[in-house]
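Coordinates as given in final.pdb (PDB, C-alpha atoms and all ligand atoms):
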```
ATOM      1  CA  MET A  70     123.264 101.678 111.736  1.00  0.00           C
ATOM      2  CA  THR A  71     122.082 103.288 108.525  1.00  0.00           C
ATOM      3  CA  THR A  72     119.591 106.055 108.922  1.00  0.00           C
ATOM      4  CA  ILE A  73     116.924 106.205 106.249  1.00  0.00           C
ATOM      5  CA  LYS A  74     114.938 109.353 105.766  1.00  0.00           C
ATOM      6  CA  ALA A  75     111.312 108.948 104.893  1.00  0.00           C
ATOM      7  CA  THR A  76     108.380 111.309 104.775  1.00  0.00           C
ATOM      8  CA  CYS A  77     105.310 111.096 106.975  1.00  0.00           C
ATOM      9  CA  PRO A  78     102.317 112.919 105.471  1.00  0.00           C
ATOM     10  CA  THR A  79     101.688 114.579 108.854  1.00  0.00           C
ATOM     11  CA  CYS A  80     105.159 115.139 110.347  1.00  0.00           C
ATOM     12  CA  GLY A  81     107.305 115.559 107.255  1.00  0.00           C
ATOM     13  CA  GLU A  82     110.777 114.043 107.184  1.00  0.00           C
ATOM     14  CA  VAL A  83     111.486 111.395 109.793  1.00  0.00           C
ATOM     15  CA  ALA A  84     114.585 109.282 110.418  1.00  0.00           C
ATOM     16  CA  LEU A  85     114.191 105.512 110.377  1.00  0.00           C
ATOM     17  CA  THR A  86     116.437 102.503 110.621  1.00  0.00           C
ATOM     18  CA  PRO A  87     116.238  99.591 108.154  1.00  0.00           C
ATOM     19  CA  ASP A  88     114.389  97.589 110.839  1.00  0.00           C
ATOM     20  CA  ASP A  89     111.582 100.134 110.862  1.00  0.00           C
ATOM     21  CA  ILE A  90     110.785  99.674 107.204  1.00  0.00           C
ATOM     22  CA  GLU A  91     108.876  96.904 105.542  1.00  0.00           C
ATOM     23  CA  LEU A  92     109.667  96.672 101.856  1.00  0.00           C
ATOM     24  CA  ARG A  93     107.469  94.550  99.619  1.00  0.00           C
ATOM     25  CA  VAL A  94     108.627  94.008  96.089  1.00  0.00           C
ATOM     26  CA  ASP A  95     106.308  92.791  93.382  1.00  0.00           C
ATOM     27  CA  GLN A  96     108.368  90.862  90.839  1.00  0.00           C
ATOM     28  CA  ASP A  97     105.706  91.021  88.143  1.00  0.00           C
ATOM     29  CA  ARG A  98     104.505  94.594  88.362  1.00  0.00           C
ATOM     30  CA  THR A  99     106.882  97.309  89.587  1.00  0.00           C
ATOM     31  CA  GLU A 100     103.877  99.489  90.437  1.00  0.00           C
ATOM     32  CA  GLY A 101     102.805  96.802  92.938  1.00  0.00           C
ATOM     33  CA  SER A 102     105.891  97.329  95.100  1.00  0.00           C
ATOM     34  CA  PHE A 103     105.585  99.428  98.221  1.00  0.00           C
ATOM     35  CA  TYR A 104     107.205 100.182 101.529  1.00  0.00           C
ATOM     36  CA  GLY A 105     105.624 100.912 104.844  1.00  0.00           C
ATOM     37  CA  PHE A 106     106.673 102.135 108.251  1.00  0.00           C
ATOM     38  CA  GLU A 107     105.221 103.408 111.477  1.00  0.00           C
ATOM     39  CA  CYS A 108     105.960 107.075 111.909  1.00  0.00           C
ATOM     40  CA  PRO A 109     108.191 107.428 115.014  1.00  0.00           C
ATOM     41  CA  ARG A 110     106.538 110.756 115.825  1.00  0.00           C
ATOM     42  CA  CYS A 111     102.790 110.304 115.326  1.00  0.00           C
ATOM     43  CA  THR A 112     102.732 106.457 115.071  1.00  0.00           C
ATOM     44  CA  ALA A 113     100.705 106.635 111.861  1.00  0.00           C
ATOM     45  CA  GLN A 114     101.076 103.677 109.518  1.00  0.00           C
ATOM     46  CA  VAL A 115     102.541 105.108 106.351  1.00  0.00           C
ATOM     47  CA  ARG A 116     102.538 103.161 103.113  1.00  0.00           C
ATOM     48  CA  LYS A 117     104.022 104.387  99.877  1.00  0.00           C
ATOM     49  CA  PRO A 118     104.660 102.990  96.437  1.00  0.00           C
ATOM     50  CA  ALA A 119     108.260 101.961  95.819  1.00  0.00           C
ATOM     51  CA  ASP A 120     109.515 102.377  92.278  1.00  0.00           C
ATOM     52  CA  GLU A 121     112.743 100.694  91.177  1.00  0.00           C
ATOM     53  CA  ARG A 122     114.872 103.600  92.375  1.00  0.00           C
ATOM     54  CA  VAL A 123     113.294 103.546  95.843  1.00  0.00           C
ATOM     55  CA  VAL A 124     113.642  99.754  96.045  1.00  0.00           C
ATOM     56  CA  ARG A 125     117.368 100.031  95.160  1.00  0.00           C
ATOM     57  CA  LEU A 126     117.892 102.786  97.732  1.00  0.00           C
ATOM     58  CA  LEU A 127     116.145 100.882 100.515  1.00  0.00           C
ATOM     59  CA  VAL A 128     117.882  97.595  99.709  1.00  0.00           C
ATOM     60  CA  SER A 129     121.280  99.307  99.639  1.00  0.00           C
ATOM     61  CA  GLY A 130     120.390 100.808 103.036  1.00  0.00           C
ATOM     62  CA  GLY A 131     119.890  97.321 104.444  1.00  0.00           C
ATOM     63  CA  VAL A 132     116.127  96.898 104.167  1.00  0.00           C
ATOM     64  CA  PRO A 133     115.251  93.324 103.175  1.00  0.00           C
ATOM     65  CA  ALA A 134     113.051  93.044 100.102  1.00  0.00           C
ATOM     66  CA  LEU A 135     110.118  90.808 100.935  1.00  0.00           C
ATOM     67  CA  PRO A 136     107.684  89.416  98.388  1.00  0.00           C
ATOM     68  CA  VAL A 137     104.238  90.982  98.151  1.00  0.00           C
ATOM     69  CA  GLU A 138     101.765  88.860 100.038  1.00  0.00           C
ATOM     70  CA  ASP A 139      98.777  87.800  98.077  1.00  0.00           C
ATOM     71  CA  GLU A 140      95.880  89.855  99.269  1.00  0.00           C
ATOM     72  CA  PRO A 141      92.872  87.749 100.150  1.00  0.00           C
ATOM     73  CA  VAL A 142      90.294  87.691  97.403  1.00  0.00           C
ATOM     74  CA  ARG A 143      87.489  89.991  98.351  1.00  0.00           C
ATOM     75  CA  VAL A 144      84.028  88.549  97.987  1.00  0.00           C
ATOM     76  CA  LYS A 145      81.025  90.813  97.862  1.00  0.00           C
ATOM     77  CA  LEU A 146      78.687  90.347 100.789  1.00  0.00           C
ATOM     78  CA  SER A 147      75.871  89.508  98.363  1.00  0.00           C
ATOM     79  CA  GLU A 148      77.988  86.663  96.919  1.00  0.00           C
ATOM     80  CA  ARG A 149      79.234  85.310 100.200  1.00  0.00           C
ATOM     81  CA  PHE A 150      76.159  83.286 101.113  1.00  0.00           C
ATOM     82  CA  ASP A 151      74.533  80.970  98.711  1.00  0.00           C
ATOM     83  CA  HIS A 152      71.222  81.019 100.542  1.00  0.00           C
ATOM     84  CA  PRO A 153      67.966  82.921 100.238  1.00  0.00           C
ATOM     85  CA  ARG A 154      68.000  86.337 101.866  1.00  0.00           C
ATOM     86  CA  ILE A 155      66.486  86.730 105.297  1.00  0.00           C
ATOM     87  CA  THR A 156      63.087  88.403 105.114  1.00  0.00           C
ATOM     88  CA  HIS A 157      60.958  90.362 107.568  1.00  0.00           C
ATOM     89  CA  ASP A 158      58.795  87.265 107.988  1.00  0.00           C
ATOM     90  CA  ASP A 159      61.861  85.209 108.944  1.00  0.00           C
ATOM     91  CA  LEU A 160      62.767  87.853 111.478  1.00  0.00           C
ATOM     92  CA  LEU A 161      59.255  87.839 112.956  1.00  0.00           C
ATOM     93  CA  ASP A 162      59.298  84.034 113.117  1.00  0.00           C
ATOM     94  CA  PHE A 163      62.650  84.157 114.857  1.00  0.00           C
ATOM     95  CA  HIS A 164      61.358  86.746 117.289  1.00  0.00           C
ATOM     96  CA  GLN A 165      58.383  84.513 118.119  1.00  0.00           C
ATOM     97  CA  VAL A 166      60.655  81.509 118.594  1.00  0.00           C
ATOM     98  CA  LEU A 167      62.723  83.515 121.077  1.00  0.00           C
ATOM     99  CA  GLN A 168      59.595  84.199 123.198  1.00  0.00           C
ATOM    100  CA  ASP A 169      59.526  80.538 124.078  1.00  0.00           C
ATOM    101  CA  GLU A 170      62.040  79.396 126.682  1.00  0.00           C
ATOM    102  CA  SER A 171      62.753  76.235 124.735  1.00  0.00           C
ATOM    103  CA  TRP A 172      63.952  78.240 121.699  1.00  0.00           C
ATOM    104  CA  PHE A 173      67.414  76.759 121.754  1.00  0.00           C
ATOM    105  CA  GLU A 174      66.198  73.162 121.739  1.00  0.00           C
ATOM    106  CA  ARG A 175      63.796  74.052 118.963  1.00  0.00           C
ATOM    107  CA  LEU A 176      66.622  75.516 116.917  1.00  0.00           C
ATOM    108  CA  LEU A 177      68.626  72.340 117.393  1.00  0.00           C
ATOM    109  CA  ILE A 178      65.676  70.223 116.291  1.00  0.00           C
ATOM    110  CA  ASP A 179      65.095  72.409 113.233  1.00  0.00           C
ATOM    111  CA  ALA A 180      68.752  72.264 112.292  1.00  0.00           C
ATOM    112  CA  ALA A 181      68.929  68.489 112.579  1.00  0.00           C
TER     113      ALA A 181
HETATM  114 ZN    ZN A 201     104.028 111.206 111.516  1.00  0.00          ZN
END
```

What is this file in C-alpha cells?
Amino acid sequence: MTTIKATCPTCGEVALTPDDIELRVDQDRTEGSFYGFECPRCTAQVRKPADERVVRLLVSGGVPALPVEDEPVRVKLSERFDHPRITHDDLLDFHQVLQDESWFERLLIDAA
C-alpha cells in the first residue's frame, strides 16, 4: 500500500496510509480544502489546508476526495432564544417554588 508522509506539529514526519487520511475538497474555494489525520505517534488530530498540489498528491496516492461538509450555522447564544432573559427575581421565584414539595406539579400547571 502507498505510504504517504505527513507532518505532525508535535512529532514531525509520520508515515500514513491512504486510509488514515481524510481529504475534503471544496469545489468553490480552493482555500476551503483540507486534509486531516490522526497522528500514529501521539494520536493528535491534525488538520491542514490542502492546496491544489496537495490535493493532487493525495488523490494520486489513493486518498478519496470527499466534499466539504457544510458546517452547521453558528448562532450566538444571545440570539438562540427568543424569550426575555432570566432575571434574579425569576431565580428567586424558582428557588421558592422548589422549597415546596409539589413544585413539579406546579410547574406542569404553569406550563399548561
Ligand atoms: Zn504526533

All residues within 6 Å of ligand ZN 201 (chain A) are required, counting all atoms listed in the file; please report them as number ranges by chain.
A: 77, 79-80, 108, 110-111, 113

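For the pair CA of Leu126 (chain A) and CA of Met70 (chain A), the interatomic distance is 15.0 Å.
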
Residues within 6 Å of region 132-144 of chain A, all atoms listed in the file, excluding chain neighbours under 3 positions, as a ChimeraX atom specification
/A:87,92-95,127-128

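Across the structure, CA of Lys117 (chain A) and CA of Arg98 (chain A) are spaced 15.1 Å apart.
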
Could you state which residues are captured by the PyMOL selection byres (((chain A and resi 72) around 12) and not hetatm) in this file, as a short mmCIF file (atom, residue, chain, number, x, y, z; two decimals) with C-alpha atoms, keeping the file's coordinate frame?
```cif
data_model
loop_
_atom_site.label_atom_id
_atom_site.label_comp_id
_atom_site.auth_asym_id
_atom_site.auth_seq_id
_atom_site.Cartn_x
_atom_site.Cartn_y
_atom_site.Cartn_z
CA MET A 70 123.26 101.68 111.74
CA THR A 71 122.08 103.29 108.52
CA ILE A 73 116.92 106.20 106.25
CA LYS A 74 114.94 109.35 105.77
CA ALA A 75 111.31 108.95 104.89
CA VAL A 83 111.49 111.40 109.79
CA ALA A 84 114.58 109.28 110.42
CA LEU A 85 114.19 105.51 110.38
CA THR A 86 116.44 102.50 110.62
CA PRO A 87 116.24 99.59 108.15
CA ASP A 88 114.39 97.59 110.84
CA ASP A 89 111.58 100.13 110.86
CA ILE A 90 110.78 99.67 107.20
CA LEU A 126 117.89 102.79 97.73
CA LEU A 127 116.14 100.88 100.52
CA SER A 129 121.28 99.31 99.64
CA GLY A 130 120.39 100.81 103.04
CA GLY A 131 119.89 97.32 104.44
CA VAL A 132 116.13 96.90 104.17
#
```

Please report, as lines of an AutoDock Vina configuration file, the centre and edge lengths in Å to one decimal of an axis-aligned box covering all listed atoms of region 130-142 of chain A with 5 Å per side.
```
center_x = 105.3
center_y = 94.2
center_z = 100.9
size_x = 40.1
size_y = 23.1
size_z = 17.0
```

Region 157-166 of chain A environment, 9 Å, all atoms listed in the file, sequence neighbours closer than 6 positions dropped, as a PyMOL selection string
chain A and resi 172-173+175-176

For Asp120 (chain A), work out the shell of residues within 7 Å, counting only C-alpha atoms and skipping chain neighbours fewer than 2 positions away, then give it as a VMD selection string.
chain A and resid 99 to 100 102 118 122 to 124

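Our summary of the geometry notes that CA of Arg125 (chain A) is positioned 15.2 Å from CA of Gly105 (chain A).
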
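Residue nearest Glu82 (chain A), chosen from A:Thr156, A:Leu167, A:Ala119, A:Pro109 and counting only C-alpha atoms: A:Pro109.
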
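When only C-alpha atoms are used to compute distances to Glu91 (chain A), the closest of the residues A:His152, A:Arg116, A:Gln168, A:Leu177 turns out to be A:Arg116.
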